[in-house]
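*Asks:* Got run_37.txt for you, compact mmCIF, C-alpha atoms:
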# COMPACT_ATOMS: atom_id res chain seq x y z
CA MET A 755 97.47 127.03 259.15
CA SER A 756 97.26 130.63 257.97
CA ALA A 757 94.50 131.59 255.58
CA VAL A 758 96.68 134.23 253.96
CA LEU A 759 97.94 133.26 250.52
CA PRO A 760 101.71 133.28 249.95
CA ALA A 761 103.04 136.14 247.85
CA GLU A 762 103.66 133.80 244.91
CA ASP A 763 100.09 132.45 244.97
CA ASN A 764 98.68 135.96 245.28
CA ALA A 765 100.71 137.10 242.27
CA VAL A 766 99.47 134.13 240.23
CA LEU A 767 95.89 134.91 241.21
CA GLN A 768 96.28 138.55 240.20
CA LEU A 769 97.88 137.49 236.94
CA ALA A 770 94.99 135.15 236.16
CA GLN A 771 92.36 137.76 237.07
CA SER A 772 94.02 140.48 234.99
CA SER A 773 94.45 138.18 232.00
CA LEU A 774 90.82 137.11 232.23
CA LEU A 775 89.70 140.74 232.35
CA VAL A 776 91.65 141.52 229.17
CA VAL A 777 90.17 138.53 227.37
CA SER A 778 86.62 139.19 228.62
CA ALA A 779 86.68 142.84 227.56
CA LEU A 780 88.35 142.44 224.17
CA PHE A 781 86.98 139.11 222.95
CA PRO A 782 83.43 140.38 222.22
CA ILE A 783 84.80 143.37 220.29
CA VAL A 784 87.42 141.44 218.33
CA ASP A 785 84.84 138.65 217.92
CA PRO A 786 86.98 136.21 215.90
CA ILE A 787 84.16 133.67 215.80
CA GLY A 788 81.72 136.20 214.38
CA GLY A 789 84.34 137.45 211.94
CA SER A 790 85.32 134.01 210.68
CA PRO A 791 82.42 133.74 208.17
CA VAL A 792 83.41 137.11 206.73
CA PHE A 793 87.04 136.02 206.52
CA LEU A 794 85.95 132.78 204.84
CA SER A 795 83.91 134.64 202.26
CA LEU A 796 86.92 136.84 201.46
CA THR A 797 89.28 133.88 201.02
CA LEU A 798 87.13 131.35 199.18
CA ASN A 799 89.58 131.32 196.29
CA TYR A 800 92.54 130.46 198.55
CA ASP A 801 93.67 126.95 199.33
CA THR A 802 93.89 125.71 202.94
CA ARG A 803 97.63 126.34 203.25
CA THR A 804 97.34 129.93 202.01
CA ARG A 805 94.36 130.64 204.27
CA ARG A 806 96.25 129.40 207.32
CA LEU A 807 99.33 131.44 206.41
CA LEU A 808 97.16 134.53 206.13
CA SER A 809 95.42 133.70 209.42
CA ARG A 810 98.78 133.43 211.19
CA ARG A 811 99.87 136.83 209.91
CA ILE A 812 96.58 138.43 211.00
CA ALA A 813 96.90 136.88 214.47
CA VAL A 814 100.43 138.25 214.90
CA ASN A 815 99.39 141.69 213.72
CA SER A 816 96.44 141.68 216.13
CA PHE A 817 98.66 140.69 219.06
CA VAL A 818 101.07 143.54 218.33
CA LEU A 819 98.29 146.12 217.97
CA LEU A 820 96.44 145.13 221.14
CA SER A 821 99.44 144.61 223.41
CA THR A 822 101.05 147.88 222.27
CA SER A 823 97.81 149.77 222.89
CA PHE A 824 97.59 148.24 226.36
CA ALA A 825 101.20 148.92 227.34
CA VAL A 826 101.81 152.34 225.78
CA GLY A 827 98.34 153.86 225.60
CA SER A 828 98.25 155.10 229.19
CA HIS A 829 101.63 156.83 228.76
CA VAL A 830 100.33 158.60 225.66
CA LEU A 831 97.34 159.79 227.67
CA SER A 832 99.65 160.98 230.42
CA PHE A 833 101.64 162.95 227.87
CA PHE A 834 98.46 164.80 226.87
CA GLY A 835 97.55 165.43 230.52
CA ILE A 836 94.44 163.26 230.68
CA SER A 837 93.75 161.88 234.15
CA LEU A 838 93.12 158.21 234.78
CA PRO A 839 89.59 158.57 236.28
CA VAL A 840 88.50 160.53 233.22
CA VAL A 841 89.94 157.82 230.98
CA GLN A 842 88.10 155.18 232.99
CA VAL A 843 84.76 157.00 232.73
CA GLY A 844 85.14 157.80 229.04
CA GLY A 845 86.61 154.44 228.12
CA GLY A 846 84.03 152.58 230.17
CA MET A 847 81.27 154.39 228.32
CA VAL A 848 82.90 153.32 225.06
CA VAL A 849 82.94 149.72 226.32
CA VAL A 850 79.26 149.91 227.27
CA ALA A 851 78.35 151.45 223.92
CA ALA A 852 80.36 148.83 222.06
CA GLY A 853 78.70 146.01 223.98
CA TRP A 854 75.27 147.47 223.34
CA ALA A 855 76.05 147.88 219.64
CA LEU A 856 77.07 144.22 219.48
CA LEU A 857 73.84 143.24 221.19
CA LYS A 858 71.99 145.18 218.48
CA LYS A 859 74.18 143.63 215.76
CA LYS A 860 75.32 146.95 214.33
CA ASP A 861 78.78 145.78 213.34
CA GLU A 862 77.76 143.97 210.18
CA ASP A 863 77.85 147.02 207.91
CA ASP A 864 81.48 147.82 208.75
CA ARG A 865 82.60 144.28 208.04
CA ASN A 866 80.64 144.14 204.80
CA ALA A 867 82.26 147.42 203.75
CA VAL A 868 85.68 145.96 204.48
CA GLY A 869 84.80 142.90 202.43
CA ARG A 870 84.23 145.02 199.35
CA THR A 871 87.80 146.40 199.52
CA VAL A 872 89.69 143.10 199.69
CA ARG A 873 91.34 141.78 196.54
CA GLY A 874 93.02 138.42 196.10
CA THR A 875 95.96 139.56 193.96
CA ASP A 876 98.44 139.53 196.84
CA VAL A 877 97.48 137.54 199.93
CA LEU A 878 99.89 139.00 202.47
CA ARG A 879 99.45 142.53 201.18
CA ASP A 880 95.92 142.51 202.59
CA ALA A 881 96.96 140.87 205.88
CA PHE A 882 97.32 144.12 207.82
CA TYR A 883 94.83 146.33 206.02
CA PRO A 884 91.98 145.65 205.81
CA LEU A 885 91.97 142.12 207.26
CA THR A 886 93.71 142.99 210.56
CA LEU A 887 92.67 146.64 210.75
CA PRO A 888 89.74 147.27 210.83
CA LEU A 889 88.17 143.84 210.16
CA THR A 890 89.69 142.10 213.18
CA VAL A 891 91.09 144.87 215.42
CA GLY A 892 89.24 148.11 214.86
CA PRO A 893 89.29 151.50 216.56
CA GLY A 894 86.90 150.21 219.21
CA SER A 895 89.22 147.37 220.17
CA ILE A 896 92.21 149.70 220.33
CA SER A 897 90.40 152.24 222.52
CA ILE A 898 89.26 149.50 224.89
CA ALA A 899 92.80 148.12 225.11
CA ILE A 900 94.05 151.60 226.03
CA THR A 901 91.32 151.94 228.66
CA LEU A 902 92.13 148.56 230.16
CA GLY A 903 95.83 149.43 230.16
CA ALA A 904 95.13 152.59 232.11
CA ASN A 905 92.84 150.68 234.47
CA GLN A 906 95.44 147.98 235.10
CA THR A 907 98.16 150.57 235.59
CA HIS A 908 96.07 152.12 238.34
CA HIS A 909 95.92 148.82 240.21
CA PHE A 910 99.36 147.34 239.55
CA GLY A 911 101.46 150.32 238.48
CA ALA A 912 103.85 149.87 235.59
CA SER A 913 104.72 146.45 236.94
CA LEU A 914 105.83 143.40 235.04
CA LEU A 915 102.74 141.61 236.33
CA ALA A 916 100.33 143.92 234.49
CA ILE A 917 102.34 143.77 231.26
CA LEU A 918 102.59 139.98 231.48
CA ALA A 919 98.84 139.70 232.09
CA ALA A 920 98.15 141.85 229.02
CA ALA A 921 100.55 139.76 226.94
CA ILE A 922 98.85 136.54 228.03
CA GLY A 923 95.39 137.91 227.34
CA CYS A 924 96.38 139.29 223.93
CA ALA A 925 98.18 136.05 223.07
CA PHE A 926 95.03 134.10 223.88
CA LEU A 927 93.02 136.41 221.65
CA ALA A 928 95.58 136.02 218.87
CA ALA A 929 95.33 132.24 219.20
CA THR A 930 91.54 132.37 218.92
CA ILE A 931 91.85 134.62 215.89
CA TYR A 932 94.16 132.15 214.19
CA LEU A 933 92.01 129.13 215.01
CA SER A 934 88.77 130.86 214.02
CA TYR A 935 90.15 132.12 210.72
CA ALA A 936 92.33 129.16 209.76
CA PHE A 937 89.49 126.72 210.36
CA ALA A 938 86.66 129.06 209.39
CA ASP A 939 85.23 126.54 206.94
CA ARG A 940 84.89 123.88 209.64
CA LEU A 941 83.73 126.32 212.32
CA ALA A 942 80.87 127.58 210.15
CA VAL A 943 79.58 124.04 209.71
CA VAL A 944 79.91 123.07 213.40
CA MET A 945 78.53 126.23 215.03
CA GLY A 946 75.87 127.22 212.58
CA PRO A 947 74.32 130.69 212.55
CA THR A 948 72.33 130.07 215.72
CA GLY A 949 75.35 128.98 217.78
CA MET A 950 77.42 131.95 216.64
CA ASN A 951 74.59 134.33 217.49
CA VAL A 952 74.31 132.90 221.03
CA ILE A 953 78.04 133.36 221.64
CA VAL A 954 77.93 136.94 220.41
CA LYS A 955 74.92 137.83 222.59
CA LEU A 956 76.35 136.34 225.79
CA SER A 957 79.79 137.87 225.34
CA SER A 958 78.24 141.24 224.46
CA PHE A 959 76.22 141.31 227.69
CA LEU A 960 79.40 140.51 229.63
CA LEU A 961 81.11 143.38 227.85
CA VAL A 962 78.36 145.81 228.95
CA CYS A 963 78.82 144.70 232.57
CA ILE A 964 82.59 145.19 232.38
CA GLY A 965 82.06 148.65 230.92
CA VAL A 966 79.76 149.64 233.76
CA GLN A 967 82.37 148.46 236.27
CA ILE A 968 85.10 150.52 234.58
CA VAL A 969 82.83 153.60 234.59
CA TRP A 970 82.16 153.11 238.29
CA ASN A 971 85.89 152.80 239.04
CA GLY A 972 86.53 156.17 237.44
CA ALA A 973 83.39 157.90 238.70
CA SER A 974 84.03 156.87 242.30
CA GLN A 975 87.51 158.40 242.16
CA LEU A 976 86.17 161.61 240.62
CA LEU A 977 83.50 161.85 243.30
CA ALA A 978 86.05 161.21 246.04
CA SER A 979 88.33 163.97 244.73
CA LEU A 980 85.34 166.32 244.46
CA LEU A 981 84.41 165.67 248.08
CA LYS A 982 87.97 166.36 249.18
CA ILE A 983 87.87 169.71 247.43
CA ALA A 984 84.39 170.62 248.66
CA GLY A 985 84.99 169.44 252.24
CA PRO A 986 87.13 172.36 253.46
CA ALA A 987 84.81 174.86 251.75
CA ILE A 988 81.77 173.40 253.48
CA SER A 989 83.48 173.38 256.88
CA HIS A 990 84.21 177.11 256.57
Starting from the file, give its structure as structure tokens.

*Replies:*
Amino acid sequence: MSAVLPAEDNAVLQLAQSSLLVVSALFPIVDPIGGSPVFLSLTLNYDTRTRRLLSRRIAVNSFVLLSTSFAVGSHVLSFFGISLPVVQVGGGMVVVAAGWALLKKKDEDDRNAVGRTVRGTDVLRDAFYPLTLPLTVGPGSISIAITLGANQTHHFGASLLAILAAAIGCAFLAATIYLSYAFADRLAVVMGPTGMNVIVKLSSFLLVCIGVQIVWNGASQLLASLLKIAGPAISH
């Protein structure tokens, strides 16, 4: 029997790996579990049905923002003439910085500031701003989605596989956002502050590692191109 995987199995494996990369990179930044207590505090006056309706709207908005950033972001960068290795280095540094900031718990002030702007007069009016942006999906999440989109485009081109992987990963994130927000009252009781802190720390460390890998992907290409340019000069 041949050890080589069939084309279909290889495509499924690539799809799973790409989807997992999207989830692993974005989940610590979006952090729906960490954001659920904030969401709960902002919706204490809402009944369960209203809170779940609002959670569903936030999840849909988050899916649209993240998947659009992933699919279109690299084309926007191409329009401005920014090369992919530069995007990988810069975006990877953003990922590392974001992971480190989460490890240091520096995201609480932004969420508290958002909490002071929310009013309960119209539930769905606040669904996009500020509950989706920037409470759930902020500038950091969008920039990481763009970086990952450029990174995936480098490996898979503008293929349906990369877009499908991004859609699956973003859909999974949207589902976790809905579950975390809709059942925030139960989640807070089950997890407790210690359990939520452990999840944030572990996922943040994973985010730092992913950022380092993205930086290395871009830096290695920049170094390779530099050696190609310097090679003929050195030989002469």

*Asks:* What is the CA of Leu933 (chain A)-CA of Ser772 (chain A) distance in Å, reported with one decimal?

*Replies:*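 It comes out at 23.1 Å.
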
*Asks:* Using only C-alpha atoms, which residue out of A:Ile898, A:Asn799, A:Asn815, A:Ser957 lies closest to Gly846 (chain A)?

*Replies:* A:Ile898

*Asks:* With distances taken over all atoms listed in the file, which residue among A:Ile900, A:Ala770, A:Leu831, A:Val843 lies nearest Val966 (chain A)?

*Replies:*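 So, comparing all the options, the nearest one is A:Val843.
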
*Asks:* Quick one: pull the distance between CA of Ala855 (chain A) and CA of Lys955 (chain A), Å, one decimal.

*Replies:*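 Interatomic distance here is 10.5 Å.
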
*Asks:* Between A:Ala978, A:Ala765, A:Ile931, A:Met847, which is the closest to Leu889 (chain A) once you count all atoms listed in the file?

*Replies:*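 Using all atoms listed in the file, the shortest distance to Leu889 (chain A) belongs to A:Ile931.
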
*Asks:* Using all atoms listed in the file, can you tell me which of A:Leu767, A:Ile783, A:Gly789, A:Arg811 comes closest to Arg879 (chain A)?

*Replies:*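 Of all the options, A:Arg811 lies closest to Arg879 (chain A).
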
*Asks:* My list of candidates is A:Leu775, A:Leu808, A:Leu857, A:Leu769. Which is closest to Tyr935 (chain A) when distances are computed with all atoms listed in the file?

*Replies:*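 Of the candidates, the smallest distance to Tyr935 (chain A) is held by A:Leu808.
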
*Asks:* Hey, what's within 12 Å of Ala779 (chain A) if we count only C-alpha atoms and toss same-chain stuff fewer than 4 positions away? As an MDAnalysis selection string, please?

*Replies:* chainID A and resid 772:775 783:785 820 845:846 848:850 852:853 894:903 920 923:924 927 957:968

*Asks:* Just to confirm, what's the straight-line distance from CA of Leu956 (chain A) to CA of Ile787 (chain A) in Å (one decimal)?

*Replies:*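 Result for CA of Leu956 (chain A) versus CA of Ile787 (chain A): 13.0 Å, one decimal.
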
*Asks:* Just checking: using only C-alpha atoms, which residue out of A:Val776, A:Ile922, A:Ala904, A:Val943 ends up closest to Gln842 (chain A)?

*Replies:*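 Under the stated criterion, the closest residue is A:Ala904.
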
*Asks:* If we draw a sphere of 7 Å around (94.5, 136.5, 216.5), which residues have at least one atom in it when counting only C-alpha atoms? Please report them as a list in words.

*Replies:*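 Checked against the point, the hits come out as Ile812, Ala813, Val814, Ser816, Phe817, Leu927, Ala928, Ala929, Thr930, Ile931 and Tyr932 of chain A.
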